[in-house]
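S.K.: Input file: input-v1.cif. Contents: mmCIF, C-alpha atoms and all ligand atoms.
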```cif
data_model
loop_
_atom_site.label_atom_id
_atom_site.label_comp_id
_atom_site.auth_asym_id
_atom_site.auth_seq_id
_atom_site.Cartn_x
_atom_site.Cartn_y
_atom_site.Cartn_z
CA MET Q 17 -73.48 31.81 43.63
CA LYS Q 18 -76.99 32.84 42.63
CA ILE Q 19 -78.80 35.59 44.46
CA ALA Q 20 -82.50 36.36 43.96
CA PHE Q 21 -83.36 39.98 44.69
CA PHE Q 22 -86.94 40.80 45.68
CA SER Q 23 -88.85 44.11 45.72
CA THR Q 24 -86.33 45.51 43.26
CA LYS Q 25 -86.44 48.77 41.38
CA PRO Q 26 -84.23 49.98 38.54
CA TYR Q 27 -81.91 51.75 40.99
CA ASP Q 28 -81.29 48.51 42.95
CA LYS Q 29 -80.23 46.78 39.74
CA GLN Q 30 -78.00 49.70 38.78
CA PHE Q 31 -76.09 49.87 42.09
CA PHE Q 32 -75.85 46.11 42.71
CA GLU Q 33 -74.73 45.27 39.18
CA LYS Q 34 -71.97 47.84 39.42
CA GLU Q 35 -70.77 46.52 42.78
CA ASN Q 36 -71.05 42.92 41.57
CA GLU Q 37 -68.27 43.55 39.04
CA LYS Q 38 -65.97 42.74 42.00
CA TYR Q 39 -67.67 39.42 42.78
CA GLY Q 40 -69.22 37.94 39.63
CA PHE Q 41 -72.27 36.47 41.40
CA GLU Q 42 -75.35 35.68 39.32
CA LEU Q 43 -77.92 38.29 40.28
CA ASN Q 44 -81.60 37.78 39.46
CA PHE Q 45 -83.89 40.74 40.05
CA TYR Q 46 -87.61 40.39 40.75
CA GLU Q 47 -90.04 43.25 41.26
CA THR Q 48 -92.41 41.28 43.47
CA HIS Q 49 -92.23 41.20 47.25
CA LEU Q 50 -90.97 38.01 48.79
CA GLY Q 51 -93.76 36.42 50.77
CA PRO Q 52 -95.90 33.27 50.99
CA HIS Q 53 -97.43 34.04 47.55
CA ILE Q 54 -94.16 33.64 45.66
CA VAL Q 55 -91.71 31.67 47.78
CA ASN Q 56 -92.61 28.35 46.16
CA ALA Q 57 -91.60 29.71 42.76
CA ILE Q 58 -87.96 30.16 43.79
CA GLU Q 59 -85.63 27.79 41.99
CA LYS Q 60 -81.91 27.11 42.18
CA GLU Q 61 -80.87 30.15 44.19
CA ASP Q 62 -78.30 30.23 46.99
CA ALA Q 63 -79.36 33.44 48.65
CA VAL Q 64 -82.24 35.88 48.68
CA CYS Q 65 -81.76 39.61 49.02
CA VAL Q 66 -84.76 41.40 50.49
CA PHE Q 67 -85.92 44.84 51.59
CA VAL Q 68 -88.04 46.40 54.32
CA ASN Q 69 -91.46 45.14 53.26
CA ASP Q 70 -90.61 41.61 52.23
CA GLN Q 71 -92.29 39.08 54.47
CA LEU Q 72 -89.85 36.62 56.01
CA ASN Q 73 -92.19 34.82 58.36
CA ARG Q 74 -91.80 31.24 59.52
CA GLU Q 75 -93.77 29.80 56.61
CA VAL Q 76 -91.55 31.58 54.06
CA ILE Q 77 -88.32 30.72 55.85
CA GLU Q 78 -89.24 27.05 56.06
CA VAL Q 79 -89.78 26.92 52.28
CA LEU Q 80 -86.54 28.85 51.67
CA ALA Q 81 -84.67 26.27 53.74
CA GLN Q 82 -86.28 23.41 51.80
CA LYS Q 83 -85.12 25.07 48.60
CA GLY Q 84 -81.54 25.20 49.82
CA ILE Q 85 -81.31 28.94 50.45
CA LYS Q 86 -78.34 29.53 52.73
CA ILE Q 87 -78.48 33.29 53.23
CA ILE Q 88 -81.15 35.93 53.67
CA ALA Q 89 -79.45 39.25 52.98
CA LEU Q 90 -81.42 42.29 54.09
CA ARG Q 91 -80.42 45.36 52.12
CA CYS Q 92 -81.66 47.54 54.98
CA ALA Q 93 -80.94 48.10 58.67
CA GLY Q 94 -84.22 47.04 60.31
CA PHE Q 95 -85.02 43.32 60.54
CA ASN Q 96 -88.45 43.38 62.21
CA ASN Q 97 -89.89 41.67 59.10
CA VAL Q 98 -87.80 38.51 59.66
CA ASP Q 99 -88.67 35.68 62.03
CA MET Q 100 -85.18 35.36 63.47
CA ASP Q 101 -86.02 32.27 65.54
CA ALA Q 102 -87.24 30.46 62.42
CA ALA Q 103 -84.07 31.44 60.52
CA LYS Q 104 -81.95 30.04 63.32
CA GLU Q 105 -84.01 26.88 63.54
CA PHE Q 106 -83.73 26.24 59.79
CA GLY Q 107 -80.02 27.14 59.70
CA ILE Q 108 -80.27 30.14 57.39
CA TYR Q 109 -77.77 32.96 57.86
CA ILE Q 110 -79.09 36.48 58.07
CA CYS Q 111 -77.06 39.53 57.21
CA ARG Q 112 -78.14 43.14 57.05
CA VAL Q 113 -76.67 46.59 56.54
CA PRO Q 114 -76.70 48.07 60.01
CA ALA Q 115 -75.11 51.34 59.00
CA TYR Q 116 -75.51 52.97 55.64
CA SER Q 117 -75.22 56.67 55.72
CA PRO Q 118 -77.21 57.36 58.89
CA GLU Q 119 -76.92 60.99 57.80
CA ALA Q 120 -79.19 60.22 54.82
CA VAL Q 121 -82.08 59.34 57.15
CA ALA Q 122 -81.27 62.04 59.71
CA GLU Q 123 -81.13 64.72 57.01
CA HIS Q 124 -84.46 63.56 55.60
CA ALA Q 125 -86.04 63.74 59.06
CA MET Q 126 -84.82 67.32 59.32
CA ALA Q 127 -86.00 68.06 55.77
CA MET Q 128 -89.48 66.84 56.75
CA LEU Q 129 -89.45 68.99 59.87
CA LEU Q 130 -88.37 72.10 57.96
CA THR Q 131 -90.83 71.48 55.15
CA LEU Q 132 -93.74 71.08 57.55
CA ASN Q 133 -92.70 74.02 59.66
CA ARG Q 134 -91.73 76.53 56.96
CA LYS Q 135 -94.22 75.18 54.41
CA THR Q 136 -91.78 75.29 51.52
CA HIS Q 137 -93.85 72.68 49.67
CA LYS Q 138 -96.84 75.01 49.73
CA ALA Q 139 -94.76 78.07 48.88
CA TYR Q 140 -93.29 76.27 45.85
CA ASN Q 141 -96.75 75.59 44.44
CA ARG Q 142 -98.04 79.05 45.28
CA VAL Q 143 -95.25 80.94 43.58
CA ARG Q 144 -95.66 78.85 40.43
CA GLU Q 145 -99.26 80.11 40.35
CA GLN Q 146 -97.99 83.69 40.76
CA ASN Q 147 -99.45 83.78 44.25
CA PHE Q 148 -96.89 85.68 46.31
CA SER Q 149 -99.02 86.00 49.43
CA LEU Q 150 -97.59 84.82 52.75
CA ASN Q 151 -100.93 84.12 54.42
CA GLY Q 152 -100.93 80.62 55.87
CA LEU Q 153 -97.18 80.13 55.56
CA LEU Q 154 -96.27 81.20 59.10
CA GLY Q 155 -93.66 78.93 60.67
CA PHE Q 156 -91.62 78.92 63.88
CA ASN Q 157 -87.92 78.99 64.70
CA LEU Q 158 -86.18 75.75 65.58
CA TYR Q 159 -83.67 77.84 67.48
CA GLN Q 160 -84.20 77.26 71.23
CA LYS Q 161 -87.05 74.80 70.67
CA LYS Q 162 -86.90 71.56 72.64
CA ILE Q 163 -86.44 68.59 70.35
CA GLY Q 164 -86.95 65.12 71.81
CA VAL Q 165 -85.09 62.30 70.10
CA ILE Q 166 -86.26 58.74 70.82
CA GLY Q 167 -83.45 56.33 70.00
CA THR Q 168 -79.95 57.75 69.79
CA GLY Q 169 -78.19 55.08 67.77
CA LYS Q 170 -76.52 55.95 64.50
CA ILE Q 171 -79.44 57.85 62.95
CA GLY Q 172 -80.77 59.45 66.13
CA LYS Q 173 -77.28 60.66 66.97
CA ALA Q 174 -76.82 62.20 63.52
CA PHE Q 175 -80.24 63.85 63.84
CA ALA Q 176 -79.45 65.17 67.34
CA LYS Q 177 -76.25 66.76 66.02
CA ILE Q 178 -78.14 68.43 63.16
CA ALA Q 179 -80.74 69.71 65.64
CA LEU Q 180 -77.98 71.08 67.88
CA GLY Q 181 -76.64 72.89 64.83
CA PHE Q 182 -79.94 74.77 64.62
CA GLY Q 183 -79.48 75.94 68.20
CA ALA Q 184 -82.28 73.71 69.46
CA GLU Q 185 -82.21 72.18 72.92
CA VAL Q 186 -82.03 68.42 72.45
CA ILE Q 187 -83.37 65.94 74.98
CA ALA Q 188 -83.25 62.23 74.34
CA TYR Q 189 -84.46 58.84 75.46
CA ASP Q 190 -82.65 55.58 74.75
CA LEU Q 191 -82.33 52.30 76.60
CA TYR Q 192 -78.56 52.82 76.30
CA PRO Q 193 -77.60 56.51 76.55
CA ASP Q 194 -74.62 57.63 74.48
CA GLN Q 195 -71.95 59.50 76.48
CA SER Q 196 -70.65 61.30 73.40
CA LEU Q 197 -74.07 62.96 72.98
CA SER Q 198 -74.20 63.88 76.67
CA ASP Q 199 -70.82 65.55 76.11
CA LEU Q 200 -72.49 67.65 73.39
CA LYS Q 201 -75.10 68.79 75.94
CA VAL Q 202 -77.85 66.41 74.87
CA LYS Q 203 -79.79 65.66 78.04
CA TYR Q 204 -81.07 62.11 78.52
CA VAL Q 205 -84.48 62.00 80.19
CA ASP Q 206 -87.11 59.35 80.81
CA LEU Q 207 -89.78 58.80 78.18
CA GLU Q 208 -92.46 60.54 80.23
CA THR Q 209 -90.35 63.72 80.48
CA LEU Q 210 -89.54 63.60 76.77
CA PHE Q 211 -93.24 63.32 75.91
CA THR Q 212 -94.29 66.16 78.21
CA GLN Q 213 -91.48 68.62 77.45
CA SER Q 214 -90.72 68.32 73.74
CA ASP Q 215 -91.94 70.79 71.14
CA ILE Q 216 -90.84 68.35 68.46
CA ILE Q 217 -90.41 64.57 68.77
CA SER Q 218 -88.40 62.57 66.25
CA LEU Q 219 -88.45 58.76 66.33
CA HIS Q 220 -85.19 56.92 65.65
CA CYS Q 221 -85.56 53.65 67.54
CA PRO Q 222 -86.14 50.28 65.89
CA LEU Q 223 -89.56 48.66 66.05
CA THR Q 224 -89.57 45.98 68.74
CA VAL Q 225 -92.25 43.99 70.55
CA ASP Q 226 -91.92 46.44 73.45
CA ASN Q 227 -92.41 49.69 71.57
CA HIS Q 228 -95.19 48.80 69.13
CA TYR Q 229 -97.55 51.82 69.09
CA LEU Q 230 -95.20 53.82 71.32
CA ILE Q 231 -97.05 56.86 70.04
CA ASN Q 232 -100.68 56.24 70.96
CA LYS Q 233 -103.56 58.15 72.54
CA GLU Q 234 -102.10 57.84 76.02
CA SER Q 235 -98.64 59.12 75.07
CA ILE Q 236 -100.00 61.79 72.71
CA ASP Q 237 -102.23 63.12 75.50
CA LYS Q 238 -99.09 63.70 77.61
CA MET Q 239 -97.48 65.82 74.89
CA LYS Q 240 -97.55 69.58 74.49
CA SER Q 241 -100.56 70.83 72.60
CA GLY Q 242 -99.58 71.32 68.96
CA VAL Q 243 -96.56 69.01 69.18
CA THR Q 244 -94.68 68.12 65.99
CA ILE Q 245 -93.96 64.42 65.44
CA ILE Q 246 -91.54 63.07 62.84
CA ASN Q 247 -91.28 59.34 62.17
CA THR Q 248 -88.61 58.03 59.82
CA SER Q 249 -88.22 54.74 61.72
CA ARG Q 250 -91.07 52.24 61.36
CA GLY Q 251 -94.79 52.74 60.80
CA ASN Q 252 -95.94 50.61 63.70
CA LEU Q 253 -94.28 52.92 66.22
CA ILE Q 254 -97.33 55.15 65.74
CA ASN Q 255 -100.95 54.16 66.21
CA THR Q 256 -102.19 55.95 63.09
CA THR Q 257 -105.83 56.00 64.19
CA ASP Q 258 -104.85 57.73 67.45
CA ALA Q 259 -102.61 60.16 65.54
CA ILE Q 260 -105.50 61.08 63.22
CA GLN Q 261 -107.72 61.74 66.22
CA ALA Q 262 -105.01 63.95 67.72
CA LEU Q 263 -104.63 65.84 64.42
CA LYS Q 264 -108.37 66.45 64.44
CA ASN Q 265 -108.37 67.82 67.99
CA ARG Q 266 -105.16 69.84 67.27
CA GLN Q 267 -103.11 67.99 69.92
CA ILE Q 268 -100.67 67.12 67.10
CA GLY Q 269 -99.78 70.31 65.23
CA LEU Q 270 -97.55 68.83 62.52
CA LEU Q 271 -96.94 65.23 61.53
CA GLY Q 272 -94.19 64.04 59.20
CA ILE Q 273 -94.03 60.36 58.38
CA ASP Q 274 -91.71 58.53 56.01
CA VAL Q 275 -93.07 55.19 57.20
CA TYR Q 276 -96.62 53.96 57.60
CA GLU Q 277 -98.29 50.99 59.30
CA GLN Q 278 -99.74 49.54 56.08
CA GLU Q 279 -96.95 50.72 53.82
CA GLU Q 280 -96.16 47.37 52.23
CA LYS Q 281 -99.35 47.61 50.14
CA LEU Q 282 -98.52 51.10 48.89
CA PHE Q 283 -94.96 52.29 49.08
CA PHE Q 284 -92.40 51.96 46.28
CA LYS Q 285 -95.24 51.65 43.73
CA ASP Q 286 -96.78 54.10 41.27
CA LEU Q 287 -100.45 53.92 42.20
CA SER Q 288 -101.38 57.22 40.54
CA ALA Q 289 -104.01 55.58 38.32
CA THR Q 290 -105.38 53.34 41.07
CA ILE Q 291 -108.19 53.69 43.61
CA ILE Q 292 -106.40 53.24 46.92
CA ASP Q 293 -108.34 50.97 49.23
CA ASP Q 294 -106.91 52.40 52.43
CA ASP Q 295 -109.13 55.01 54.06
CA THR Q 296 -106.59 55.73 56.77
CA ILE Q 297 -103.86 56.94 54.44
CA GLN Q 298 -106.42 58.84 52.35
CA LEU Q 299 -107.52 60.66 55.49
CA LEU Q 300 -103.92 61.30 56.55
CA MET Q 301 -103.08 62.75 53.14
CA SER Q 302 -106.05 65.11 53.39
CA PHE Q 303 -104.56 67.03 56.35
CA PRO Q 304 -102.68 70.21 55.38
CA ASN Q 305 -100.33 69.73 58.34
CA VAL Q 306 -99.26 66.18 57.47
CA LEU Q 307 -96.29 65.43 55.24
CA LEU Q 308 -95.96 61.91 53.97
CA THR Q 309 -93.00 60.54 52.06
CA ALA Q 310 -92.85 56.94 50.91
CA HIS Q 311 -89.93 55.44 52.84
CA GLN Q 312 -87.39 57.55 51.01
CA ALA Q 313 -85.27 58.74 53.94
CA PHE Q 314 -82.47 56.33 53.04
CA PHE Q 315 -82.58 57.21 49.36
CA THR Q 316 -79.29 58.93 48.58
CA LYS Q 317 -76.52 57.97 46.19
CA GLU Q 318 -74.12 57.50 49.09
CA ALA Q 319 -76.53 55.20 50.93
CA LEU Q 320 -77.24 53.04 47.88
CA GLU Q 321 -73.52 52.64 47.24
CA GLN Q 322 -72.93 51.59 50.84
CA ILE Q 323 -75.92 49.21 50.81
CA SER Q 324 -74.72 47.35 47.70
CA GLN Q 325 -71.11 47.26 48.97
CA ARG Q 326 -72.00 45.96 52.42
CA THR Q 327 -74.60 43.43 51.22
CA LEU Q 328 -72.37 41.73 48.66
CA LYS Q 329 -69.41 41.81 51.04
CA SER Q 330 -71.46 40.12 53.79
CA ILE Q 331 -72.70 37.45 51.38
CA ASP Q 332 -69.14 36.84 50.21
CA GLU Q 333 -67.88 36.60 53.80
CA LEU Q 334 -70.67 34.22 54.79
CA LEU Q 335 -69.90 32.03 51.82
CA GLN Q 336 -66.28 31.87 52.81
CA ASN Q 337 -67.00 31.52 56.52
CA ARG Q 338 -65.21 34.76 57.30
CA THR Q 339 -67.96 36.13 59.47
CA THR Q 340 -66.69 38.15 62.34
CA ASP Q 341 -68.59 41.37 62.37
CA GLN Q 342 -71.98 42.49 63.57
CA GLU Q 343 -73.54 42.73 60.11
CA VAL Q 344 -74.07 39.00 60.36
CA LEU Q 345 -76.80 38.41 62.85
CA LEU Q 346 -77.02 34.64 62.95
P1 LIG F 401 -79.25 51.78 65.72
O1 LIG F 401 -79.33 50.34 66.06
O2 LIG F 401 -77.92 52.38 65.45
O3 LIG F 401 -79.93 52.64 66.87
C1 LIG F 401 -81.16 52.33 67.45
C2 LIG F 401 -81.16 52.92 68.85
O4 LIG F 401 -82.47 52.77 69.38
C3 LIG F 401 -80.19 52.22 69.80
O5 LIG F 401 -79.39 53.18 70.47
C4 LIG F 401 -81.12 51.48 70.77
O6 LIG F 401 -80.59 51.37 72.06
C5 LIG F 401 -82.34 52.36 70.73
N1 LIG F 401 -83.56 51.70 71.14
C6 LIG F 401 -83.94 50.41 70.96
N2 LIG F 401 -85.16 50.22 71.47
C7 LIG F 401 -85.55 51.41 71.99
C8 LIG F 401 -86.71 51.84 72.68
N3 LIG F 401 -87.73 51.01 72.91
N4 LIG F 401 -86.77 53.14 73.06
C9 LIG F 401 -85.74 53.98 72.81
N5 LIG F 401 -84.62 53.63 72.19
C10 LIG F 401 -84.53 52.35 71.79
O7 LIG F 401 -80.24 51.99 64.48
P2 LIG F 401 -80.21 53.16 63.43
O8 LIG F 401 -79.31 52.82 62.31
O9 LIG F 401 -80.06 54.45 64.12
O10 LIG F 401 -81.70 53.02 62.83
C11 LIG F 401 -82.84 53.31 63.61
C12 LIG F 401 -84.08 52.87 62.86
O11 LIG F 401 -84.28 53.71 61.72
C13 LIG F 401 -84.01 51.46 62.26
O12 LIG F 401 -84.33 50.47 63.21
C14 LIG F 401 -85.04 51.52 61.16
O13 LIG F 401 -86.29 51.15 61.69
C15 LIG F 401 -85.07 53.01 60.79
N6 LIG F 401 -84.55 53.28 59.44
C16 LIG F 401 -85.36 53.91 58.55
C17 LIG F 401 -84.89 54.19 57.27
C18 LIG F 401 -85.75 54.94 56.28
O14 LIG F 401 -85.39 55.00 55.09
N7 LIG F 401 -86.86 55.53 56.68
C19 LIG F 401 -83.60 53.81 56.90
C20 LIG F 401 -82.79 53.16 57.84
C21 LIG F 401 -83.28 52.90 59.12
#
```
I'd like the structure from this file rewritten - as C-alpha cells, please.
M.R.:
Amino acid sequence: MKIAFFSTKPYDKQFFEKENEKYGFELNFYETHLGPHIVNAIEKEDAVCVFVNDQLNREVIEVLAQKGIKIIALRCAGFNNVDMDAAKEFGIYICRVPAYSPEAVAEHAMAMLLTLNRKTHKAYNRVREQNFSLNGLLGFNLYQKKIGVIGTGKIGKAFAKIALGFGAEVIAYDLYPDQSLSDLKVKYVDLETLFTQSDIISLHCPLTVDNHYLINKESIDKMKSGVTIINTSRGNLINTTDAIQALKNRQIGLLGIDVYEQEEKLFFKDLSATIIDDDTIQLLMSFPNVLLTAHQAFFTKEALEQISQRTLKSIDELLQNRTTDQEVLL
C-alpha cells in the first residue's frame, strides 16, 4: 500500500511515520498542495492523504481515478475542498478525521478571544521594551457577557463549555440543537437573535453552500456595536471585505481569525522574505484589534496523534472492507 501525502510539513512526517510502525505502509511525503498543477505527476500510489487547502475538484479526482487511486484520506475534519459527487462517480473512497481533539480548536478560539480582549500579545512586547504602562491595554470581563456560538457540534460544544466556565451567558444557533448543552443552560436561539444579542460571536459550523459569507454586511449591521467575532472554522464564512468595512466604522470591535478566505496561497508557509500580493490580508493585519493566526487551532500534540491514528486506521479499514463507521464518507 502506497500513500502519497500532500501539503506536508516536518510534523506530519514525524507523527505519521511513528503511527505507521503499526501498519508498514509506504508513505511518500510531498510539500506541494494537491491540485490540477501536480495531479498528473502522481505515479503508482494507492491512496492520497490531503489537508484543508488541497484542491480535490472534479478535474483532479478524475485524474486520480485514472491513476488507480482508491482512497482520498483527509487528515482534517472539514471536507468542503472535495467534490464529493465526483468522488462517488469515479468510485474513490473518502475518509476524514471527524473528531480529533475538538478541545484543541475550542481552546484556541478562547485563546484568541482572551488575547484580543486582554491584549496579552501587546503587553508581552511592551514589557520586553521596559514599557510598563497600561494605557491602551484596557479589556473587559467575559464574566456575564453574552457569547453566541454558531454551530454546536464537537468543537462548538467544547467552546460553549469553556465559555460557561468563565461565567458567560451562552446562546447558540445550530440546525440540530444539542439537548446536553440545553441542560447546561445554553439557550438555543434563532440566528437573528444570536446576531442582535451577542457581545461575542464564535463560529463553529462547517462551511456549506448555504452559509457561505454568513457574516456579511447585512448580518454585521444587525450585531451590537463593537461586537467581537472569532472564526476558527472556515474563511469563507466571513465576507472579509465587509468585515474590514465594519472594522473601519467600529461596528466590529475585535476580530480573531484562524482561517481566511484566500488562505491556501499563504498559510502553512514562511513568506517572511516575500512581498505578499494580497492587499486584503495586508489591510487586515494592519488593524490593532485584529488577531490572525494561520490555521493553527488544531495544532496540538494530542490532535496530531489522533489525526495520524484515525487516518491510517481508516485507510486500513477501507483496504480490508471493514468500513462501518462515520469516518468513511463514501
Ligand atoms: P461537527 O460536525 O461536530 O459540528 C458542526 C455543527 O455545525 C453541527 O452541529 C451542525 O449541525 C452545525 N451546522 C451545520 N451547518 C450549520 C449552519 N449553517 N448553521 C449553524 N450550524 C450548522 O464539526 P466540528 O468538529 O465541531 O467542526 C466544526 C468546524 O470547525 C469544521 O467544519 C471545520 O470547518 C472547523 N475546524 C477548524 C479547525 C482549525 O484548525 N481551525 C480544525 C478542525 C475543524
S.K.: In terms of the shortest atom-to-atom distance over all atoms listed in the file, which of Q:Arg250, Q:Lys203, Q:Lys264, Q:His228 is closest to Lys162 of chain Q?
M.R.: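 Between Q:Arg250, Q:Lys203, Q:Lys264, Q:His228, the residue approaching Lys162 of chain Q most closely is Q:Lys203.
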S.K.: Could you check which of Q:Leu334, Q:Ile166, Q:Ala63, Q:Leu287 is closest to Ile245 of chain Q, using only C-alpha atoms?
M.R.: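 Result for the nearest residue to Ile245 of chain Q: Q:Ile166.
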S.K.: If the limit is 9 Å from any atom of ligand LIG 401 (chain F), counting all atoms listed in the file, which residues qualify? Return them as an NGL selection string.
M.R.: :Q and (68 or 92-96 or 113-118 or 120-122 or 124-125 or 165-174 or 188-194 or 207 or 219-228 or 230 or 247-251 or 273-275 or 310-315)
S.K.: Have a look at atom CA of Ser288 of chain Q and atom CA of Phe21 of chain Q and let me know their distance in Å, one decimal.
M.R.: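 Atom CA of Phe21 of chain Q lies 25.3 Å from atom CA of Ser288 of chain Q.
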S.K.: For a quick check of understanding, using all atoms listed in the file, which of Q:Ile331, Q:Leu263, Q:Lys135, Q:Lys240 has the smallest distance to Leu299 of chain Q?
M.R.: Q:Leu263
S.K.: What is the atom CA of Lys29 of chain Q-atom CA of Phe41 of chain Q distance in Å, reported with one decimal?
M.R.: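 Calculated distance between atom CA of Lys29 of chain Q and atom CA of Phe41 of chain Q is 13.1 Å.
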S.K.: Quick one: residues within 12 Å of Phe303 of chain Q, only C-alpha atoms counted, chain neighbours fewer than 6 positions away excluded, as a ChimeraX atom specification?
M.R.: /Q:132,259-264,266,268-272,296-297
S.K.: Go ahead and dump the residues you just picked, C-alpha atoms, as a PDB file, in the frame of the given file.
M.R.:
```pdb
ATOM      1  CA  LEU Q 132     -93.740  71.080  57.550  1.00  0.00           C
ATOM      2  CA  ALA Q 259    -102.610  60.160  65.540  1.00  0.00           C
ATOM      3  CA  ILE Q 260    -105.500  61.080  63.220  1.00  0.00           C
ATOM      4  CA  GLN Q 261    -107.720  61.740  66.220  1.00  0.00           C
ATOM      5  CA  ALA Q 262    -105.010  63.950  67.720  1.00  0.00           C
ATOM      6  CA  LEU Q 263    -104.630  65.840  64.420  1.00  0.00           C
ATOM      7  CA  LYS Q 264    -108.370  66.450  64.440  1.00  0.00           C
ATOM      8  CA  ARG Q 266    -105.160  69.840  67.270  1.00  0.00           C
ATOM      9  CA  ILE Q 268    -100.670  67.120  67.100  1.00  0.00           C
ATOM     10  CA  GLY Q 269     -99.780  70.310  65.230  1.00  0.00           C
ATOM     11  CA  LEU Q 270     -97.550  68.830  62.520  1.00  0.00           C
ATOM     12  CA  LEU Q 271     -96.940  65.230  61.530  1.00  0.00           C
ATOM     13  CA  GLY Q 272     -94.190  64.040  59.200  1.00  0.00           C
ATOM     14  CA  THR Q 296    -106.590  55.730  56.770  1.00  0.00           C
ATOM     15  CA  ILE Q 297    -103.860  56.940  54.440  1.00  0.00           C
TER      16      ILE Q 297
END
```
S.K.: Within 9 Å of Val76 of chain Q, counting all atoms listed in the file, which residues show up once you throw out same-chain ones fewer than 4 positions away? Write them as a PyMOL selection string, please.
M.R.: chain Q and resi 50-52+55-56+71-72+80-81
S.K.: May I have the protein, DNA and RNA residues with an atom at most 12 Å from (-70.6, 52.8, 45.5), counting all atoms listed in the file in the file's coordinates, returned as a PDB file with C-alpha atoms, in the frame of the given file?
M.R.:
```pdb
ATOM      1  CA  ASP Q  28     -81.290  48.510  42.950  1.00  0.00           C
ATOM      2  CA  GLN Q  30     -78.000  49.700  38.780  1.00  0.00           C
ATOM      3  CA  PHE Q  31     -76.090  49.870  42.090  1.00  0.00           C
ATOM      4  CA  PHE Q  32     -75.850  46.110  42.710  1.00  0.00           C
ATOM      5  CA  GLU Q  33     -74.730  45.270  39.180  1.00  0.00           C
ATOM      6  CA  LYS Q  34     -71.970  47.840  39.420  1.00  0.00           C
ATOM      7  CA  GLU Q  35     -70.770  46.520  42.780  1.00  0.00           C
ATOM      8  CA  ASN Q  36     -71.050  42.920  41.570  1.00  0.00           C
ATOM      9  CA  GLU Q  37     -68.270  43.550  39.040  1.00  0.00           C
ATOM     10  CA  LYS Q  38     -65.970  42.740  42.000  1.00  0.00           C
ATOM     11  CA  TYR Q 116     -75.510  52.970  55.640  1.00  0.00           C
ATOM     12  CA  SER Q 117     -75.220  56.670  55.720  1.00  0.00           C
ATOM     13  CA  THR Q 316     -79.290  58.930  48.580  1.00  0.00           C
ATOM     14  CA  LYS Q 317     -76.520  57.970  46.190  1.00  0.00           C
ATOM     15  CA  GLU Q 318     -74.120  57.500  49.090  1.00  0.00           C
ATOM     16  CA  ALA Q 319     -76.530  55.200  50.930  1.00  0.00           C
ATOM     17  CA  LEU Q 320     -77.240  53.040  47.880  1.00  0.00           C
ATOM     18  CA  GLU Q 321     -73.520  52.640  47.240  1.00  0.00           C
ATOM     19  CA  GLN Q 322     -72.930  51.590  50.840  1.00  0.00           C
ATOM     20  CA  ILE Q 323     -75.920  49.210  50.810  1.00  0.00           C
ATOM     21  CA  SER Q 324     -74.720  47.350  47.700  1.00  0.00           C
ATOM     22  CA  GLN Q 325     -71.110  47.260  48.970  1.00  0.00           C
ATOM     23  CA  ARG Q 326     -72.000  45.960  52.420  1.00  0.00           C
ATOM     24  CA  THR Q 327     -74.600  43.430  51.220  1.00  0.00           C
ATOM     25  CA  LEU Q 328     -72.370  41.730  48.660  1.00  0.00           C
TER      26      LEU Q 328
END
```
S.K.: With all atoms of segment 88-104 of chain Q from the file as input, state the centre and edge lengths in Å to one decimal of the axis-aligned box that has 6 Å extra on each side, as JSON.
M.R.:
```
{"center_x": -84.7, "center_y": 39.1, "center_z": 58.8, "size_x": 22.4, "size_y": 30.1, "size_z": 25.4}
```
S.K.: To one decimal place, how far is atom CA of Glu280 of chain Q from atom CA of Asn69 of chain Q in Å?
M.R.: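 Taking atom CA of Glu280 of chain Q and atom CA of Asn69 of chain Q, their separation equals 5.3 Å.
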S.K.: In terms of the shortest atom-to-atom distance over all atoms listed in the file, which of Q:Asn141, Q:Thr309, Q:Ser218, Q:Gln146 is closest to Ala176 of chain Q?
M.R.: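 Using all atoms listed in the file, Ala176 of chain Q sits closest to Q:Ser218.
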S.K.: Just checking: using only C-alpha atoms, which residue out of Q:Phe22, Q:Ile108, Q:Arg74, Q:Arg142 ends up closest to Leu335 of chain Q?
M.R.: Q:Ile108
S.K.: Which residue gives the smallest distance to Ile254 of chain Q among Q:Lys60, Q:Lys138, Q:Lys233, Q:Lys238, with all atoms listed in the file counted?
M.R.: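 Distance minimum relative to Ile254 of chain Q lands on Q:Lys233.
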S.K.: Which neighbours of Glu208 of chain Q fall inside 10 Å, counting all atoms listed in the file, when residues of the same chain fewer than 3 positions from it are skipped, and could you give them as a list of chain:residue names?
M.R.: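 My list of contacting residues is Q:Tyr189, Q:Val205, Q:Phe211, Q:Thr212, Q:Gln213, Q:Ser235, Q:Lys238, Q:Met239.
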S.K.: Identify, on the basis of only C-alpha atoms, every residue whose closest approach to Phe67 of chain Q does not exceed 6 Å; exclude the query and any residue fewer than 2 positions from it along the same chain; express the result as a list in words.
M.R.: Asn69, Asp70, Leu90 and Arg91 of chain Q
